[in-house]
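S.K.: Input file: final_30.json. Contents: JSON, C-alpha atoms and all ligand atoms.
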[["chain", "number", "residue", "atom", "x", "y", "z"],
["A", 1297, "MET", "CA", -7.08, 25.90, -4.03],
["A", 1298, "GLY", "CA", -7.58, 24.39, -0.57],
["A", 1299, "LEU", "CA", -8.02, 20.68, 0.14],
["A", 1300, "PHE", "CA", -11.74, 21.02, 0.65],
["A", 1301, "GLN", "CA", -12.32, 22.93, -2.61],
["A", 1302, "ARG", "CA", -10.23, 20.35, -4.50],
["A", 1303, "LYS", "CA", -12.34, 17.58, -2.99],
["A", 1304, "VAL", "CA", -15.56, 19.30, -4.04],
["A", 1305, "GLN", "CA", -14.23, 19.89, -7.55],
["A", 1306, "GLN", "CA", -13.20, 16.25, -7.96],
["A", 1307, "GLU", "CA", -16.46, 14.93, -6.58],
["A", 1308, "GLN", "CA", -18.44, 16.99, -9.04],
["A", 1309, "GLU", "CA", -16.71, 15.27, -11.93],
["A", 1310, "PHE", "CA", -16.08, 11.69, -10.78],
["A", 1311, "PRO", "CA", -16.92, 9.49, -7.81],
["A", 1312, "PRO", "CA", -13.89, 8.77, -5.58],
["A", 1313, "LEU", "CA", -11.64, 5.84, -6.47],
["A", 1314, "ARG", "CA", -12.21, 2.84, -4.26],
["A", 1315, "HIS", "CA", -8.64, 1.62, -3.99],
["A", 1316, "ILE", "CA", -5.36, 3.43, -4.60],
["A", 1317, "ALA", "CA", -1.98, 1.73, -4.17],
["A", 1318, "ILE", "CA", 1.37, 3.51, -3.89],
["A", 1319, "ILE", "CA", 4.99, 2.36, -4.18],
["A", 1320, "MET", "CA", 6.55, 4.83, -1.75],
["A", 1321, "ASP", "CA", 9.90, 5.15, -3.54],
["A", 1322, "GLY", "CA", 12.67, 7.75, -3.64],
["A", 1323, "ASN", "CA", 13.46, 8.30, 0.04],
["A", 1324, "GLY", "CA", 17.14, 7.46, -0.39],
["A", 1325, "ARG", "CA", 17.64, 9.83, -3.32],
["A", 1326, "TRP", "CA", 15.78, 12.59, -1.47],
["A", 1327, "ALA", "CA", 18.23, 12.25, 1.44],
["A", 1328, "LYS", "CA", 21.28, 12.01, -0.82],
["A", 1329, "LYS", "CA", 20.36, 15.25, -2.59],
["A", 1330, "ARG", "CA", 20.46, 16.96, 0.79],
["A", 1331, "GLY", "CA", 23.63, 15.27, 2.05],
["A", 1332, "LEU", "CA", 21.59, 13.47, 4.73],
["A", 1333, "PRO", "CA", 21.69, 9.80, 5.81],
["A", 1334, "ARG", "CA", 19.18, 7.51, 4.03],
["A", 1335, "THR", "CA", 17.26, 7.12, 7.30],
["A", 1336, "ALA", "CA", 16.45, 10.85, 7.21],
["A", 1337, "GLY", "CA", 14.85, 10.18, 3.81],
["A", 1338, "HIS", "CA", 12.72, 7.42, 5.32],
["A", 1339, "ALA", "CA", 11.65, 9.73, 8.16],
["A", 1340, "ALA", "CA", 10.58, 12.33, 5.58],
["A", 1341, "GLY", "CA", 8.83, 9.54, 3.65],
["A", 1342, "ALA", "CA", 6.86, 8.60, 6.75],
["A", 1343, "GLU", "CA", 5.65, 12.22, 7.00],
["A", 1344, "SER", "CA", 4.62, 12.12, 3.39],
["A", 1345, "PHE", "CA", 2.64, 8.95, 4.05],
["A", 1346, "ARG", "CA", 0.76, 10.61, 6.94],
["A", 1347, "ARG", "CA", -0.15, 13.55, 4.71],
["A", 1348, "ILE", "CA", -1.30, 11.38, 1.80],
["A", 1349, "ALA", "CA", -3.27, 8.96, 3.99],
["A", 1350, "ASN", "CA", -5.18, 11.93, 5.42],
["A", 1351, "TYR", "CA", -5.79, 13.36, 1.99],
["A", 1352, "CYS", "CA", -7.07, 10.03, 0.65],
["A", 1353, "ARG", "CA", -9.54, 9.99, 3.51],
["A", 1354, "THR", "CA", -10.80, 13.48, 2.62],
["A", 1355, "LEU", "CA", -11.24, 12.30, -0.95],
["A", 1356, "GLY", "CA", -13.38, 9.37, 0.20],
["A", 1357, "VAL", "CA", -10.95, 6.64, -0.93],
["A", 1358, "ARG", "CA", -11.92, 3.51, 0.97],
["A", 1359, "TYR", "CA", -8.70, 1.46, 0.55],
["A", 1360, "LEU", "CA", -5.12, 2.72, 0.44],
["A", 1361, "THR", "CA", -2.35, 0.15, -0.01],
["A", 1362, "VAL", "CA", 1.24, 1.27, 0.50],
["A", 1363, "TYR", "CA", 4.48, -0.55, -0.21],
["A", 1364, "ALA", "CA", 6.64, 0.14, 2.82],
["A", 1365, "PHE", "CA", 9.19, -2.73, 2.84],
["A", 1366, "SER", "CA", 9.70, -5.45, 0.25],
["A", 1367, "THR", "CA", 10.95, -9.02, 0.59],
["A", 1368, "GLU", "CA", 14.04, -7.76, -1.28],
["A", 1369, "ASN", "CA", 14.70, -4.74, 0.96],
["A", 1370, "TRP", "CA", 16.52, -6.91, 3.52],
["A", 1371, "LYS", "CA", 19.52, -6.63, 1.17],
["A", 1372, "ARG", "CA", 20.13, -3.13, 2.51],
["A", 1373, "SER", "CA", 22.57, -2.29, 5.32],
["A", 1374, "GLN", "CA", 21.66, -3.26, 8.86],
["A", 1375, "GLU", "CA", 21.68, 0.41, 9.75],
["A", 1376, "GLU", "CA", 19.11, 1.29, 7.10],
["A", 1377, "VAL", "CA", 16.84, -1.69, 7.83],
["A", 1378, "GLY", "CA", 17.05, -0.93, 11.57],
["A", 1379, "GLY", "CA", 16.21, 2.72, 10.88],
["A", 1380, "ILE", "CA", 13.13, 1.76, 8.87],
["A", 1381, "MET", "CA", 11.96, -0.64, 11.62],
["A", 1382, "THR", "CA", 12.43, 2.10, 14.26],
["A", 1383, "LEU", "CA", 10.29, 4.49, 12.20],
["A", 1384, "LEU", "CA", 7.67, 1.81, 11.79],
["A", 1385, "ARG", "CA", 7.58, 1.17, 15.52],
["A", 1386, "LYS", "CA", 7.18, 4.88, 16.18],
["A", 1387, "TYR", "CA", 4.41, 5.14, 13.61],
["A", 1388, "LEU", "CA", 2.46, 2.20, 15.01],
["A", 1389, "GLU", "CA", 2.76, 3.40, 18.61],
["A", 1390, "GLU", "CA", 1.41, 6.75, 17.51],
["A", 1391, "ALA", "CA", -1.36, 5.11, 15.47],
["A", 1392, "LEU", "CA", -2.42, 3.05, 18.49],
["A", 1393, "ARG", "CA", -2.49, 6.19, 20.62],
["A", 1394, "ASP", "CA", -4.54, 8.18, 18.09],
["A", 1395, "MET", "CA", -6.74, 5.30, 16.99],
["A", 1396, "GLU", "CA", -10.03, 6.95, 17.96],
["A", 1397, "LYS", "CA", -9.10, 10.19, 16.28],
["A", 1398, "ASN", "CA", -7.98, 8.73, 12.96],
["A", 1399, "LYS", "CA", -10.59, 5.98, 12.63],
["A", 1400, "VAL", "CA", -8.53, 3.90, 10.19],
["A", 1401, "HIS", "CA", -8.50, 0.13, 9.92],
["A", 1402, "PHE", "CA", -4.85, -1.00, 9.73],
["A", 1403, "CYS", "CA", -4.06, -4.15, 7.78],
["A", 1404, "PHE", "CA", -0.71, -5.72, 7.01],
["A", 1405, "PHE", "CA", 0.21, -7.55, 3.81],
["A", 1406, "GLY", "CA", 3.37, -9.61, 4.01],
["A", 1407, "ASP", "CA", 5.18, -12.21, 6.05],
["A", 1408, "LEU", "CA", 5.40, -10.49, 9.41],
["A", 1409, "SER", "CA", 7.16, -13.46, 11.04],
["A", 1410, "ARG", "CA", 10.52, -12.01, 9.99],
["A", 1411, "LEU", "CA", 9.90, -8.80, 11.96],
["A", 1412, "SER", "CA", 10.96, -8.47, 15.60],
["A", 1413, "PRO", "CA", 8.42, -9.90, 18.10],
["A", 1414, "ASP", "CA", 7.58, -6.44, 19.52],
["A", 1415, "LEU", "CA", 6.84, -5.10, 16.03],
["A", 1416, "GLN", "CA", 4.71, -8.13, 15.24],
["A", 1417, "GLU", "CA", 2.73, -7.47, 18.38],
["A", 1418, "LEU", "CA", 2.26, -3.79, 17.50],
["A", 1419, "CYS", "CA", 0.97, -4.83, 14.05],
["A", 1420, "ARG", "CA", -1.44, -7.36, 15.57],
["A", 1421, "ASP", "CA", -2.68, -4.79, 18.12],
["A", 1422, "ALA", "CA", -3.17, -2.10, 15.51],
["A", 1423, "GLU", "CA", -5.06, -4.51, 13.28],
["A", 1424, "SER", "CA", -7.35, -5.94, 15.93],
["A", 1425, "ARG", "CA", -8.09, -2.64, 17.69],
["A", 1426, "SER", "CA", -9.03, -0.89, 14.45],
["A", 1427, "ARG", "CA", -11.00, -3.60, 12.70],
["A", 1428, "ASP", "CA", -14.39, -1.84, 12.95],
["A", 1429, "TYR", "CA", -13.30, 1.25, 11.03],
["A", 1430, "GLU", "CA", -14.34, 1.49, 7.42],
["A", 1431, "VAL", "CA", -11.42, 3.31, 5.79],
["A", 1432, "GLN", "CA", -8.61, 0.81, 5.41],
["A", 1433, "VAL", "CA", -4.85, 1.24, 5.04],
["A", 1434, "ASN", "CA", -2.93, -1.85, 3.97],
["A", 1435, "PHE", "CA", 0.76, -1.70, 4.88],
["A", 1436, "CYS", "CA", 2.92, -3.99, 2.78],
["A", 1437, "LEU", "CA", 5.72, -5.10, 5.10],
["A", 1438, "ASN", "CA", 8.20, -7.78, 4.12],
["A", 1439, "TYR", "CA", 5.83, -8.06, 1.18],
["A", 1440, "GLY", "CA", 6.52, -9.56, -2.24],
["A", 1441, "GLY", "CA", 3.91, -10.23, -4.92],
["A", 1442, "ARG", "CA", 5.51, -13.57, -5.79],
["A", 1443, "ASP", "CA", 5.79, -14.54, -2.15],
["A", 1444, "GLU", "CA", 2.09, -13.73, -1.69],
["A", 1445, "ILE", "CA", 1.10, -15.95, -4.65],
["A", 1446, "VAL", "CA", 3.29, -18.85, -3.50],
["A", 1447, "ARG", "CA", 1.85, -18.57, 0.01],
["A", 1448, "ALA", "CA", -1.69, -18.65, -1.39],
["A", 1449, "ALA", "CA", -0.88, -21.75, -3.46],
["A", 1450, "ARG", "CA", 0.58, -23.43, -0.37],
["A", 1451, "LEU", "CA", -2.49, -22.61, 1.74],
["A", 1452, "PHE", "CA", -4.80, -24.02, -0.92],
["A", 1453, "ALA", "CA", -2.66, -27.16, -1.36],
["A", 1454, "GLN", "CA", -2.74, -27.66, 2.38],
["A", 1455, "GLU", "CA", -6.54, -27.59, 2.37],
["A", 1456, "VAL", "CA", -6.58, -30.09, -0.50],
["A", 1457, "ALA", "CA", -4.26, -32.36, 1.49],
["A", 1458, "GLU", "CA", -6.63, -32.08, 4.45],
["A", 1459, "GLY", "CA", -9.60, -33.00, 2.24],
["A", 1460, "LYS", "CA", -11.29, -29.58, 2.71],
["A", 1461, "ARG", "CA", -10.94, -28.61, -0.97],
["A", 1462, "GLN", "CA", -10.89, -30.27, -4.39],
["A", 1463, "PRO", "CA", -8.26, -29.18, -6.97],
["A", 1464, "GLU", "CA", -11.03, -28.77, -9.60],
["A", 1465, "GLU", "CA", -12.72, -26.12, -7.43],
["A", 1466, "LEU", "CA", -9.86, -23.68, -7.88],
["A", 1467, "ASP", "CA", -10.68, -20.64, -10.00],
["A", 1468, "GLU", "CA", -9.58, -16.99, -9.95],
["A", 1469, "ALA", "CA", -12.18, -15.93, -7.40],
["A", 1470, "ILE", "CA", -11.31, -18.75, -4.98],
["A", 1471, "PHE", "CA", -7.57, -18.23, -5.43],
["A", 1472, "SER", "CA", -7.99, -14.51, -4.58],
["A", 1473, "GLN", "CA", -9.39, -15.53, -1.23],
["A", 1474, "TYR", "CA", -6.00, -16.93, -0.21],
["A", 1475, "LEU", "CA", -4.18, -13.67, -0.90],
["A", 1476, "TYR", "CA", -3.55, -10.98, 1.72],
["A", 1477, "SER", "CA", -6.05, -8.86, -0.22],
["A", 1478, "ALA", "CA", -8.96, -11.33, 0.14],
["A", 1479, "ASP", "CA", -12.29, -9.43, 0.01],
["A", 1480, "ILE", "CA", -10.68, -6.15, -1.09],
["A", 1481, "PRO", "CA", -11.32, -4.84, -4.62],
["A", 1482, "ASP", "CA", -8.26, -4.63, -6.89],
["A", 1483, "PRO", "CA", -6.65, -1.17, -7.01],
["A", 1484, "GLU", "CA", -7.91, 0.93, -9.91],
["A", 1485, "LEU", "CA", -4.77, 3.07, -9.69],
["A", 1486, "ILE", "CA", -1.16, 2.27, -8.74],
["A", 1487, "ILE", "CA", 1.21, 5.20, -8.37],
["A", 1488, "ARG", "CA", 4.98, 4.98, -8.40],
["A", 1489, "PRO", "CA", 6.84, 8.19, -7.67],
["A", 1490, "SER", "CA", 10.67, 8.54, -7.90],
["A", 1491, "GLY", "CA", 10.99, 8.23, -11.69],
["A", 1492, "GLU", "CA", 11.43, 4.44, -11.76],
["A", 1493, "GLU", "CA", 9.06, 2.68, -14.12],
["A", 1494, "ARG", "CA", 8.80, -0.85, -12.79],
["A", 1495, "ILE", "CA", 6.63, -2.92, -10.46],
["A", 1496, "SER", "CA", 9.37, -4.22, -8.11],
["A", 1497, "ASN", "CA", 7.25, -7.21, -7.03],
["A", 1498, "PHE", "CA", 4.22, -5.16, -5.90],
["A", 1499, "LEU", "CA", 0.64, -6.54, -6.11],
["A", 1500, "LEU", "CA", 1.42, -8.82, -9.08],
["A", 1501, "TRP", "CA", -1.94, -10.57, -8.99],
["A", 1502, "GLN", "CA", -4.11, -7.59, -8.06],
["A", 1503, "SER", "CA", -2.64, -5.21, -10.66],
["A", 1504, "ALA", "CA", -3.84, -7.24, -13.67],
["A", 1505, "TYR", "CA", -5.99, -4.30, -14.84],
["A", 1506, "SER", "CA", -4.79, -1.43, -12.67],
["A", 1507, "GLU", "CA", -3.79, 1.84, -14.26],
["A", 1508, "TYR", "CA", -0.17, 2.71, -13.54],
["A", 1509, "VAL", "CA", 0.96, 6.29, -13.07],
["A", 1510, "PHE", "CA", 4.71, 6.86, -12.85],
["A", 1511, "MET", "CA", 5.79, 10.25, -11.56],
["A", 1512, "ASP", "CA", 9.10, 12.06, -11.39],
["A", 1513, "VAL", "CA", 8.68, 13.40, -7.86],
["A", 1514, "LEU", "CA", 10.52, 11.68, -4.95],
["A", 1515, "TRP", "CA", 8.19, 10.21, -2.31],
["A", 1516, "PRO", "CA", 9.11, 12.64, 0.54],
["A", 1517, "ASP", "CA", 8.15, 15.52, -1.81],
["A", 1518, "PHE", "CA", 4.90, 13.87, -2.93],
["A", 1519, "GLY", "CA", 1.90, 15.92, -1.81],
["A", 1520, "PRO", "CA", -1.87, 16.20, -2.33],
["A", 1521, "LYS", "CA", -1.29, 18.04, -5.63],
["A", 1522, "ASP", "CA", 0.66, 15.08, -6.98],
["A", 1523, "LEU", "CA", -2.11, 12.73, -5.95],
["A", 1524, "ASP", "CA", -4.62, 14.98, -7.72],
["A", 1525, "GLU", "CA", -2.43, 14.84, -10.82],
["A", 1526, "ALA", "CA", -2.24, 11.02, -10.69],
["A", 1527, "ILE", "CA", -6.03, 10.78, -10.27],
["A", 1528, "ALA", "CA", -6.54, 13.22, -13.16],
["A", 1529, "GLN", "CA", -4.29, 11.03, -15.36],
["A", 1530, "PHE", "CA", -6.31, 8.00, -14.30],
["A", 1531, "HIS", "CA", -9.55, 9.66, -15.41],
["A", 1532, "ARG", "CA", -8.07, 10.43, -18.83],
["A", 1533, "ARG", "CA", -7.31, 6.75, -19.46],
["A", 1534, "ASN", "CA", -9.63, 4.54, -21.47],
["A", 1535, "ARG", "CA", -10.01, 1.33, -19.46],
["A", 1536, "ARG", "CA", -11.05, -1.47, -21.79],
["A", 1537, "PHE", "CA", -10.44, -4.64, -19.74],
["A", 1538, "GLY", "CA", -9.79, -6.51, -22.96],
["A", 1539, "GLY", "CA", -12.97, -5.29, -24.63],
["A", 1540, "ALA", "CA", -13.23, -2.95, -27.59],
["A", 1541, "LYS", "CA", -14.71, 0.44, -26.81],
["B", 1, "LIG", "C1", 11.66, 3.61, -0.71],
["B", 1, "LIG", "O1", 12.70, 4.51, -0.91],
["B", 1, "LIG", "C2", 11.61, 3.08, 0.69],
["B", 1, "LIG", "C3", 11.96, 1.66, 0.81],
["B", 1, "LIG", "C4", 12.27, 0.87, -0.20],
["B", 1, "LIG", "C5", 11.97, 1.11, 2.15],
["B", 1, "LIG", "P1", 14.14, 4.03, -1.31],
["B", 1, "LIG", "O2", 14.94, 3.84, -0.06],
["B", 1, "LIG", "O3", 14.11, 2.85, -2.21],
["B", 1, "LIG", "O4", 14.70, 5.29, -2.09],
["B", 1, "LIG", "P2", 15.65, 5.29, -3.34],
["B", 1, "LIG", "O5", 14.97, 4.50, -4.40],
["B", 1, "LIG", "O6", 16.94, 4.67, -2.91],
["B", 1, "LIG", "O7", 15.79, 6.73, -3.69],
["B", 2, "LIG", "C1", 10.13, -0.86, -3.96],
["B", 2, "LIG", "O1", 11.18, 0.04, -4.05],
["B", 2, "LIG", "C2", 9.86, -1.19, -2.53],
["B", 2, "LIG", "C3", 9.31, -0.12, -1.71],
["B", 2, "LIG", "C4", 9.06, 1.09, -2.09],
["B", 2, "LIG", "C5", 9.01, -0.50, -0.35],
["B", 2, "LIG", "P1", 12.69, -0.40, -4.23],
["B", 2, "LIG", "O2", 13.51, 0.84, -4.17],
["B", 2, "LIG", "O3", 13.03, -1.48, -3.28],
["B", 2, "LIG", "O4", 12.68, -1.02, -5.71],
["B", 2, "LIG", "P2", 13.85, -1.16, -6.76],
["B", 2, "LIG", "O5", 14.99, -1.82, -6.05],
["B", 2, "LIG", "O6", 14.20, 0.20, -7.23],
["B", 2, "LIG", "O7", 13.26, -1.99, -7.86],
["B", 3, "MG", "MG", 14.01, 2.70, -4.25]]
Turn this file's structure into structure tokens for me.
M.R.:
Amino acid sequence: MGLFQRKVQQEQEFPPLRHIAIIMDGNGRWAKKRGLPRTAGHAAGAESFRRIANYCRTLGVRYLTVYAFSTENWKRSQEEVGGIMTLLRKYLEEALRDMEKNKVHFCFFGDLSRLSPDLQELCRDAESRSRDYEVQVNFCLNYGGRDEIVRAARLFAQEVAEGKRQPEELDEAIFSQYLYSADIPDPELIIRPSGEERISNFLLWQSAYSEYVFMDVLWPDFGPKDLDEAIAQFHRRNRRFGGAK
């Protein structure tokens, strides 16, 4: 079945999901299986991302959040980290060039200040030049769920110290506004390929009621069919949100 037919079939049954998040894991193992350097796995992973981002757009998914580099990933060799940053630079340059064709709003979740100044500038450019597009891709770069929550608490405390806020005002809705994901609905579905079944510090706050789908495929091999399968699993779940139905 072609992409278009699959889209039609899915639309007939269910409306598109609003927000899908993906932990893009398994690049290293993909490369190892082929006797290639880990960086080759990341390059293949970047291709997989391009394919899946396009497919999400055909499906009508408004928000796609992808975990590209965690606050813990700095532990890796300089060679690997450098390779990932080079791929990121290449991707952003390309995205800036094709901005009008792709029509995607790029957002970045994470503490970008640890990235090189040229990369920070590319991120800022991509974000500001795409801000009018409706479909949004959130790249998590030097992102950690705990780091995001601590940062939000610090921002709120700062406003209290400045007399702009009262501690009693703080509730879940207000706290959410200090997160990178302010104004974005929580993901209904979070997918982790690669066979690992853990969160690894991804969207800790936002995933309170997300459905998790863990899949055995490595990220560079993950294709539209796998996304269809994850969405199909999502639709078979009974989401209760603490209620009793
Ligand atoms: C995910 O793939 C990409 C990043 C964490 C940057 P990995 O590099 O973690 O791949 P595995 O888990 O070692 O196979
Ligand atoms: C999570 O994968 C981070 C990204 C995919 C960017 P990791 O490979 O870093 O997670 P662990 O180490 O297996 O938990
Ligand atoms: Mg991994």
S.K.: So, counting only C-alpha atoms, which residue among A:Gly1406, A:Gly1459, A:Pro1312, A:Gly1440 is closest to Thr1354 in chain A?
M.R.: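 Nearest candidate to Thr1354 in chain A out of A:Gly1406, A:Gly1459, A:Pro1312, A:Gly1440: A:Pro1312.
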S.K.: At what distance in Å, to one decimal, does CA of Lys1521 in chain A lie from CA of Ile1348 in chain A?
M.R.: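 These two atoms are separated by 10.0 Å.
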S.K.: From the list A:Glu1423, A:Glu1375, A:Asp1482, A:Glu1343, which residue is nearest Met1320 in chain A when using only C-alpha atoms?
M.R.: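 When distances to Met1320 in chain A are compared using only C-alpha atoms, the smallest one comes from A:Glu1343.
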S.K.: Using all atoms listed in the file, which residues have at least one atom no more than 7 Å from ligand LIG 1 (chain B)? Output them as a list of chain:residue names.
M.R.: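 Final answer, ordered by chain and number: A:Met1320, A:Asp1321, A:Gly1322, A:Asn1323, A:Gly1324, A:Arg1325, A:Trp1326, A:Arg1334, A:His1338, A:Ala1364, A:Phe1365, A:Ser1366, A:Asn1369, A:Ile1380, A:Ser1490.
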S.K.: By how many Å are CA of Glu1444 in chain A and atom MG of ligand MG 3 (chain B) apart?
M.R.: 20.5 Å
S.K.: Could you please give me, as a list in words, the residues of protein, DNA or RNA lying at most 6 Å from (4.2, 11.2, -6.4) in the coordinate frame of the file, considering only C-alpha atoms?
M.R.: Pro1489, Met1511, Val1513, Trp1515, Phe1518 and Asp1522 of chain A
S.K.: Calculate how many Å separate CA of Leu1485 in chain A from CA of Ala1317 in chain A, rounding to one decimal.
M.R.: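 Taking CA of Leu1485 in chain A and CA of Ala1317 in chain A, their separation equals 6.3 Å.
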S.K.: For the point (-8.3, -3.3, 11.1) in file coordinates, what residues are within 6 Å, counting all atoms listed in the file? Give the answer as a PyMOL selection string?
M.R.: chain A and resi 1401-1403+1423-1424+1426-1427
S.K.: With distances taken over all atoms listed in the file, which of A:Arg1330, A:Arg1420, A:Arg1488, A:His1531 is nearest to ligand MG 3 (chain B)?
M.R.: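 Ranked by minimum distance to ligand MG 3 (chain B), first place goes to A:Arg1488.
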S.K.: Env of Trp1501 in chain A: 12 Å cut, atoms = all atoms listed in the file, seq-sep filter 6 positions within chain, self excluded. Answer as an MDAnalysis selection string.
M.R.: chainID A and resid 1440:1446 1448 1468:1469 1471:1478 1481:1483 1495
S.K.: With 5 Å on each side, where is the centre of the axis-aligned box around all listed atoms of range 1319-1327 of chain A, and how long are its edges in Å to one decimal, as lines of an AutoDock Vina configuration file?
M.R.:
center_x = 11.6
center_y = 7.5
center_z = -1.4
size_x = 23.2
size_y = 20.2
size_z = 15.6
S.K.: Within 12 Å of Arg1353 in chain A, counting only C-alpha atoms, which residues qualify if same-chain residues fewer than 3 places away don't, as number ranges by chain?
M.R.: A: 1299-1300, 1303, 1312-1316, 1346-1350, 1356-1360, 1398-1401, 1430-1433, 1520
S.K.: For a quick check of understanding, using only C-alpha atoms and all ligand atoms, which of A:Val1377, A:Val1456, A:Ile1486, A:Leu1514 has the smallest distance to ligand MG 3 (chain B)?
M.R.: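 When distances to ligand MG 3 (chain B) are compared using only C-alpha atoms and all ligand atoms, the smallest one comes from A:Leu1514.
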S.K.: Of the candidates A:Gln1502, A:Ser1409, A:Ala1327, A:Leu1415, which shows the shortest atom-to-atom distance to ligand MG 3 (chain B), using all atoms listed in the file?
M.R.: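 Among the listed residues, the smallest separation from ligand MG 3 (chain B) belongs to A:Ala1327.
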S.K.: Considering only C-alpha atoms and all ligand atoms, can you say which of A:Arg1461, A:Arg1533, A:Lys1329, A:Arg1372 comes closest to ligand MG 3 (chain B)?
M.R.: A:Arg1372
